[in-house]
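Below you'll find the structure, written out as structure tokens, and then a few comments.
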Amino acid sequence: MKLLAGILLSIFCSTAIAQSTEIEGLVSHNGRAVPFANISVSGTNHGASADPNGRFSLKLKSEKAELIIQAIGFKTRKIKIDPRDYEAELLTIQMEEDALGLDQVVISATRNRIDLKQAPVIVNVLNSKLFNATQSASVAETLNFQPGVRVETNCQNCGFTQVRLNGLDGSYTQILINSRSVFSALNSVYGLEQIPTSILDRVEVVRSGGSALFGSNAIAGTINIITKEPVLNTWNIASNLSLIDGEIPDRTLNFAGSVVAEDLNSGVTIYGMNRDRSAFDANGDGFTEITELTNNTLGAKAFFKPDELSKLSLDLTALKEYRKGGDRLELPPHLTDITEQLDHNTFIGGLTYDFSNVERTNNYSVYVSGQHTDRKSYYGGLGGGRTAQDSISASNAYGNTTDLALLGGFQFTRNFANNDVLTTGVEYNHSNTEDDIAGYNRYIDQKVNSYAAFAQYEWKPVENFTALLGARLDHINITGNYAVEDISRFSIIDQTVLSPRITILYDITEELQFRGGYARGFRAPQAFNEDLHISSVGGEPQFVILSNDLETEYSNAYTASFNYSFSKNKLQTDFLLEGFFTELQDPFTTVSTGASLPNGSILKEVRNGSGAYVTGTNFEIGVSPNSDLTFQLGGTYQRSIYKEDQILFEADPNSGSEQDIIISEFVRNPDFYGYLNVNTSPFEGFAVDLTGTYTGKMTIPRVINPNGMLDLIESPTFWDMNIKLSQHIDITENFHINLSTGVQNVFNEYQDDFDSGPTRDSDFIYGPSRPRTFFFGIKFGNLHE
């Protein structure tokens, strides 16, 4: 009996000693603490987080353990330790910078946080390092630095921009704000230039179909714009002056500050930007190629943790922007030949409540988001004339637009013991757009209600294979009234669509991965961004209207890729080769009808095409021999083909001089485009950034008569190269200054054949968004960057 008691006591004492083994550690990089690093024990759910000073404590049950250390901006480290060696000694863990971003955590692949390498879908991430390297003031200026992504400017008068993913125009891309689809069609017209990079944490880009997760319009992919979160007690102020063509000023002033409670259970970030840009006239005809612009942005993001298992998050952003282009900008718009003037007031917000069970196997999320825009517009002018009718038409060109988008949803995620993950949820999305220009009898009243349910299963039968099986069921109800002059169209759509998605990830070796996938998508008949933009041709406005019998457009998207990434010591290499094929059934196509309205305006009509496909290859190469040098190169070769020749301009049969313009490929789509990004720091505190984009030849339509008659030209190629020099100065431990200067579009690769005068085609614009531009910047704050 005494022997048994002794054995039991010995076992108890051994267990108690094993359970009470506690180590303390410090996570650092180059002598600086790495705050909030995550330390987990391999093969268990056990772990700890470092505090703002990089320190942590961890109890270990086993005598030997493998620790996995992860932190934003650093390579993932795995170390094996014997806890007994650190009972009285500090465990110091040195981290290495993740120069190529191979160990990032993303959410756009599966709607859950997941390591980039483990994501079954390819996700490209644009972060503050790239925003700074390219000296980008807005989202529109930085998206080009990813394969398969191209941002283009579509109007000289107002600066309308859109992003193309894998060769498809902006209306095929789902733009998300903090993972919520409240970025409406109206926002898409000017919104990419309205959102400053200074308020962003990162932008995640998923190419090809993602409609099974994020909504009906994600045929080309999704762009998830994620604003800054409070992490540390920080503040910074930054100012930049750019001189377009060496003389036209573009000034920006940014600020941001974060406060986090000592117990890390609450925090708030406040950020803002003021931008003031003067107009630029490239050819001296008195009409702008780059608009006058004033932007004021103010936002906040906050969180509160009632306990360790729940979190309440709030984000708010207010945008006020004024832009004006055309001629004689100092005059009221109705006294000019051509003016496009827009005054936007936009408010975007969201509230999310996340909670989980004690084991963290069941995670729940309830969320609501919304966006409201009030826009006052002017599209018109005298058109070069001075008659009484010209003056009446010009005075009546003022308009008002209101736009509302609301989203509410619930998501449940179940993490199984075998690492499988089930994600399900429901969403309701409502949008209401009213656009009224009384002088043109132009009116759009469109209401869209979408009820959706989605489900996704992440299946991991073996360690090196993952399959993502998902589907989204959408019930769409659209009521639309579209009118211009004496033409009226009505649209009543009520349909239910199932959009399946399957992707696989296979780790061929530890360094080489294969991904493949299929996704089904659709776009219901409604007004998209191009339809809400009014351009001018021949001194008159050009309107877009939906055809009477417009049918739903469907897509089938296929992707396959190989990704090789290798890290050893400080060396990082990454190579991606991706093929894509997207088939479009009944694609929406815009046809210039050759018809003139009673007021002289040109009419375009959205019709269903006979079918089309986009196919191509994306590639990306990244090499970083050490943290002082990074080289990235990427590009896209693609073809965008109509299955049957498509009418772009429909000639008036009564005109002897006009003829149909027929195309077989998409216009404004280069066969090849790419980017370059080189970052080097030859000595402490000093950095050189060389970045640039290449745009190949493409077919550009040009209106050549008052009826909208088109001519097709082939654009030249463009190398838009930038160089930036920056110097970091540590004044004190908590006060730092960064000085920068450089040149954008060093070789002044800029369009040289703009239309001129009051009757110009304002849509005839292509190539880089600005000519050679010099910039100077200063940034100071308490955070070492």
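Residue numbering restarts at 1 in every chain; chains get A, B, ... in the order shown in the structure tokens, and ligands count up from 1 in that same order.
Close contacts of Met273 (chain A), defined as residues with an atom at most 6 Å away when counting only C-alpha atoms, with chain neighbours fewer than 6 positions off set aside, comprise Leu253, Asn254, Asn296 and Thr297 of chain A.
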Using C-alpha atoms, can you export the residues from the last selection as a PDB file, in the first residue's frame?
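Below is the file selection_13.pdb, written as the result:
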ATOM      1  CA  LEU A 253      -1.472  66.104 -45.797  1.00  0.00           C
ATOM      2  CA  ASN A 254      -2.087  62.925 -43.779  1.00  0.00           C
ATOM      3  CA  ASN A 296     -11.024  65.545 -47.357  1.00  0.00           C
ATOM      4  CA  THR A 297     -11.152  62.171 -45.617  1.00  0.00           C
TER       5      THR A 297
END
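All residues in region 333-553 of chain A with a DSSP state of alpha helix (DSSP H), computed from the backbone, read A:Ala388, A:Gln389, A:Asp390, A:Ser391, A:Ile392, A:Ser393, A:Ala394, A:Ser395, A:Asn529, A:Glu530, A:Asp531, A:Leu532.
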Write out as CSV a residue-level contact list of region 659-764 of chain A versus region 596-614 of chain A with cut-off 12 Å: for each qualifying residue the closest pair of atoms and the distance in Å to one decimal, counting only C-alpha atoms, rows sorted by chain and residue number upward.
residue,atom,partner,partner_atom,distance
A:Ile663,CA,A:Gly609,CA,11.8
A:Ser664,CA,A:Ala612,CA,9.5
A:Glu665,CA,A:Ala612,CA,8.8
A:Phe666,CA,A:Ala612,CA,9.2
A:Asn669,CA,A:Val614,CA,10.6
A:Asp671,CA,A:Val614,CA,10.9
A:Val703,CA,A:Ile602,CA,10.5
A:Asn705,CA,A:Ile602,CA,10.2
A:Pro706,CA,A:Ile602,CA,7.5
A:Asn707,CA,A:Ser596,CA,6.0
A:Gly708,CA,A:Ile602,CA,6.2
A:Met709,CA,A:Ile602,CA,9.9
A:Asp761,CA,A:Ile602,CA,11.5
(Q) For region 511-521 of chain A, find every residue with an atom within 8 Å (counting only C-alpha atoms), except residues of its own chain fewer than 2 positions away, and show them as a PyMOL selection string. (A) chain A and resi 120-122+208-212+216-219+499-509+523+554-566
**Q.** Residues within 7 Å of Thr413 (chain A), only C-alpha atoms, excluding chain neighbours under 6 positions, as a PyMOL selection string
**A.** chain A and resi 362-364+421-424
**Q.** Members of region 392-618 of chain A assigned strand (DSSP E or B) by DSSP, as a ChimeraX atom specification
**A.** /A:398-415,421-437,442-462,465-484,487-507,512-523,535-537,540-546,553-568,571-585,588-596,602-608,612-618
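Using only C-alpha atoms for every distance, the candidate list A:Pro653, A:Gly31, A:Gly470, A:Gly159 yields A:Gly470 as the residue closest to Phe214 (chain A).
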(Q) So, with only C-alpha atoms as the atoms that count, which of A:Gln727, A:Gly286, A:Tyr750, A:Phe580 lies closest to Ile778 (chain A)? (A) A:Gln727
Q.
Which residues are near Val678 (chain A)? Cut-off 12 Å, only C-alpha atoms, ignore same chain within fewer than 3 positions. Put them as JSON, numbers by chain.
A. {"A": [99, 100, 129, 130, 133, 134, 145, 621, 622, 623, 624, 628, 629, 630, 631, 632, 633, 634, 675, 681, 687, 688, 689, 690, 691, 692, 721, 722, 723, 724]}
Got time to write the residues from that selection, N, CA and C atoms, as a PDB file, in the first residue's frame?
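Output (result-v1.pdb):
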ATOM      1  N   ALA A  99      10.543  40.013 -46.465  1.00  0.00           N
ATOM      2  CA  ALA A  99      10.635  41.035 -47.512  1.00  0.00           C
ATOM      3  C   ALA A  99       9.635  40.830 -48.641  1.00  0.00           C
ATOM      4  N   LEU A 100       9.355  39.576 -49.004  1.00  0.00           N
ATOM      5  CA  LEU A 100       8.443  39.281 -50.109  1.00  0.00           C
ATOM      6  C   LEU A 100       7.014  39.030 -49.645  1.00  0.00           C
ATOM      7  N   LYS A 129       4.361  49.220 -47.381  1.00  0.00           N
ATOM      8  CA  LYS A 129       5.681  49.276 -47.995  1.00  0.00           C
ATOM      9  C   LYS A 129       5.571  49.633 -49.471  1.00  0.00           C
ATOM     10  N   LEU A 130       4.590  49.039 -50.175  1.00  0.00           N
ATOM     11  CA  LEU A 130       4.399  49.353 -51.589  1.00  0.00           C
ATOM     12  C   LEU A 130       3.779  50.739 -51.761  1.00  0.00           C
ATOM     13  N   ALA A 133       6.639  53.070 -51.425  1.00  0.00           N
ATOM     14  CA  ALA A 133       7.612  52.961 -52.515  1.00  0.00           C
ATOM     15  C   ALA A 133       7.134  53.655 -53.777  1.00  0.00           C
ATOM     16  N   THR A 134       5.827  53.579 -54.051  1.00  0.00           N
ATOM     17  CA  THR A 134       5.263  54.174 -55.267  1.00  0.00           C
ATOM     18  C   THR A 134       4.775  55.594 -55.042  1.00  0.00           C
ATOM     19  N   PHE A 145       0.480  47.389 -59.445  1.00  0.00           N
ATOM     20  CA  PHE A 145       1.688  46.648 -59.089  1.00  0.00           C
ATOM     21  C   PHE A 145       1.360  45.235 -58.605  1.00  0.00           C
ATOM     22  N   ILE A 621       7.753  37.101 -60.286  1.00  0.00           N
ATOM     23  CA  ILE A 621       9.055  36.664 -59.792  1.00  0.00           C
ATOM     24  C   ILE A 621       9.470  37.592 -58.659  1.00  0.00           C
ATOM     25  N   GLY A 622       9.869  37.020 -57.537  1.00  0.00           N
ATOM     26  CA  GLY A 622      10.349  37.812 -56.417  1.00  0.00           C
ATOM     27  C   GLY A 622      11.627  37.221 -55.854  1.00  0.00           C
ATOM     28  N   VAL A 623      12.623  38.068 -55.622  1.00  0.00           N
ATOM     29  CA  VAL A 623      13.897  37.634 -55.049  1.00  0.00           C
ATOM     30  C   VAL A 623      14.334  38.654 -54.008  1.00  0.00           C
ATOM     31  N   SER A 624      14.701  38.162 -52.830  1.00  0.00           N
ATOM     32  CA  SER A 624      15.247  39.030 -51.785  1.00  0.00           C
ATOM     33  C   SER A 624      16.418  38.318 -51.128  1.00  0.00           C
ATOM     34  N   ASP A 628      17.919  44.084 -47.165  1.00  0.00           N
ATOM     35  CA  ASP A 628      18.298  45.360 -47.768  1.00  0.00           C
ATOM     36  C   ASP A 628      18.048  45.408 -49.267  1.00  0.00           C
ATOM     37  N   LEU A 629      17.573  44.312 -49.866  1.00  0.00           N
ATOM     38  CA  LEU A 629      17.341  44.302 -51.308  1.00  0.00           C
ATOM     39  C   LEU A 629      16.165  43.394 -51.643  1.00  0.00           C
ATOM     40  N   THR A 630      15.211  43.938 -52.377  1.00  0.00           N
ATOM     41  CA  THR A 630      14.045  43.171 -52.839  1.00  0.00           C
ATOM     42  C   THR A 630      13.815  43.475 -54.305  1.00  0.00           C
ATOM     43  N   PHE A 631      13.583  42.426 -55.087  1.00  0.00           N
ATOM     44  CA  PHE A 631      13.311  42.572 -56.526  1.00  0.00           C
ATOM     45  C   PHE A 631      12.038  41.806 -56.855  1.00  0.00           C
ATOM     46  N   GLN A 632      11.072  42.486 -57.469  1.00  0.00           N
ATOM     47  CA  GLN A 632       9.830  41.844 -57.894  1.00  0.00           C
ATOM     48  C   GLN A 632       9.479  42.274 -59.312  1.00  0.00           C
ATOM     49  N   LEU A 633       9.053  41.300 -60.086  1.00  0.00           N
ATOM     50  CA  LEU A 633       8.698  41.530 -61.483  1.00  0.00           C
ATOM     51  C   LEU A 633       7.473  40.687 -61.793  1.00  0.00           C
ATOM     52  N   GLY A 634       6.482  41.271 -62.433  1.00  0.00           N
ATOM     53  CA  GLY A 634       5.282  40.517 -62.772  1.00  0.00           C
ATOM     54  C   GLY A 634       4.670  41.015 -64.064  1.00  0.00           C
ATOM     55  N   TYR A 675       4.694  44.934 -64.345  1.00  0.00           N
ATOM     56  CA  TYR A 675       5.219  45.895 -63.378  1.00  0.00           C
ATOM     57  C   TYR A 675       6.594  45.463 -62.898  1.00  0.00           C
ATOM     58  N   SER A 681      18.376  49.234 -49.722  1.00  0.00           N
ATOM     59  CA  SER A 681      18.846  50.125 -48.663  1.00  0.00           C
ATOM     60  C   SER A 681      20.352  49.965 -48.566  1.00  0.00           C
ATOM     61  N   ALA A 687      17.112  54.632 -48.322  1.00  0.00           N
ATOM     62  CA  ALA A 687      16.466  53.640 -49.192  1.00  0.00           C
ATOM     63  C   ALA A 687      16.236  54.217 -50.579  1.00  0.00           C
ATOM     64  N   VAL A 688      16.313  53.338 -51.554  1.00  0.00           N
ATOM     65  CA  VAL A 688      16.020  53.687 -52.950  1.00  0.00           C
ATOM     66  C   VAL A 688      14.927  52.735 -53.443  1.00  0.00           C
ATOM     67  N   ASP A 689      13.880  53.290 -54.014  1.00  0.00           N
ATOM     68  CA  ASP A 689      12.787  52.496 -54.582  1.00  0.00           C
ATOM     69  C   ASP A 689      12.675  52.806 -56.072  1.00  0.00           C
ATOM     70  N   LEU A 690      12.780  51.763 -56.872  1.00  0.00           N
ATOM     71  CA  LEU A 690      12.595  51.883 -58.318  1.00  0.00           C
ATOM     72  C   LEU A 690      11.368  51.047 -58.684  1.00  0.00           C
ATOM     73  N   THR A 691      10.320  51.700 -59.144  1.00  0.00           N
ATOM     74  CA  THR A 691       9.079  51.021 -59.488  1.00  0.00           C
ATOM     75  C   THR A 691       8.611  51.475 -60.865  1.00  0.00           C
ATOM     76  N   GLY A 692       7.790  50.644 -61.487  1.00  0.00           N
ATOM     77  CA  GLY A 692       7.277  51.040 -62.795  1.00  0.00           C
ATOM     78  C   GLY A 692       6.284  50.042 -63.347  1.00  0.00           C
ATOM     79  N   MET A 721       7.990  54.687 -65.353  1.00  0.00           N
ATOM     80  CA  MET A 721       8.968  54.357 -64.324  1.00  0.00           C
ATOM     81  C   MET A 721       9.055  55.456 -63.265  1.00  0.00           C
ATOM     82  N   ASN A 722       9.258  55.032 -62.021  1.00  0.00           N
ATOM     83  CA  ASN A 722       9.357  55.962 -60.895  1.00  0.00           C
ATOM     84  C   ASN A 722      10.608  55.665 -60.085  1.00  0.00           C
ATOM     85  N   ILE A 723      11.174  56.703 -59.486  1.00  0.00           N
ATOM     86  CA  ILE A 723      12.292  56.524 -58.570  1.00  0.00           C
ATOM     87  C   ILE A 723      12.065  57.374 -57.333  1.00  0.00           C
ATOM     88  N   LYS A 724      12.355  56.802 -56.171  1.00  0.00           N
ATOM     89  CA  LYS A 724      12.174  57.498 -54.916  1.00  0.00           C
ATOM     90  C   LYS A 724      13.397  57.291 -54.033  1.00  0.00           C
TER      91      LYS A 724
END
Q. Neighbours of Arg323 (chain A) within 9 Å (only C-alpha atoms; same-chain residues fewer than 3 positions away dropped), as a list of chain:residue names?
A. A:Cys158, A:Gly159, A:Thr291, A:Glu292, A:Leu293, A:Thr294, A:Asn295, A:Glu340, A:Gln341, A:Leu342, A:Asp343, A:His344
Q) Can you tell me, as number ranges by chain, what residues are no more than 6 Å from Ile476 (chain A) when counting only C-alpha atoms, ignoring any on the same chain fewer than 2 positions away? A) A: 449-450, 494-495
Residues from the last selection, N, CA and C atoms, saved as a PDB file, in the first residue's frame:
ATOM      1  N   ASN A 449     -32.312  44.315 -54.388  1.00  0.00           N
ATOM      2  CA  ASN A 449     -32.359  43.562 -53.135  1.00  0.00           C
ATOM      3  C   ASN A 449     -31.816  42.163 -53.400  1.00  0.00           C
ATOM      4  N   SER A 450     -30.855  41.772 -52.575  1.00  0.00           N
ATOM      5  CA  SER A 450     -30.233  40.466 -52.746  1.00  0.00           C
ATOM      6  C   SER A 450     -30.267  39.705 -51.430  1.00  0.00           C
ATOM      7  N   ASP A 494     -36.360  39.203 -61.213  1.00  0.00           N
ATOM      8  CA  ASP A 494     -36.556  38.432 -59.989  1.00  0.00           C
ATOM      9  C   ASP A 494     -36.080  37.009 -60.284  1.00  0.00           C
ATOM     10  N   GLN A 495     -34.877  36.686 -59.826  1.00  0.00           N
ATOM     11  CA  GLN A 495     -34.319  35.386 -60.167  1.00  0.00           C
ATOM     12  C   GLN A 495     -33.431  34.855 -59.040  1.00  0.00           C
TER      13      GLN A 495
END
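Distances to Thr153 (chain A) were evaluated for A:Phe575, A:Tyr367, A:Phe355, A:Tyr190 using only C-alpha atoms, and the minimum falls at A:Tyr190.
Counting only C-alpha atoms, the residue from A:Arg251, A:Arg202, A:Arg442, A:Arg180 that sits nearest to Gly101 (chain A) is A:Arg202.
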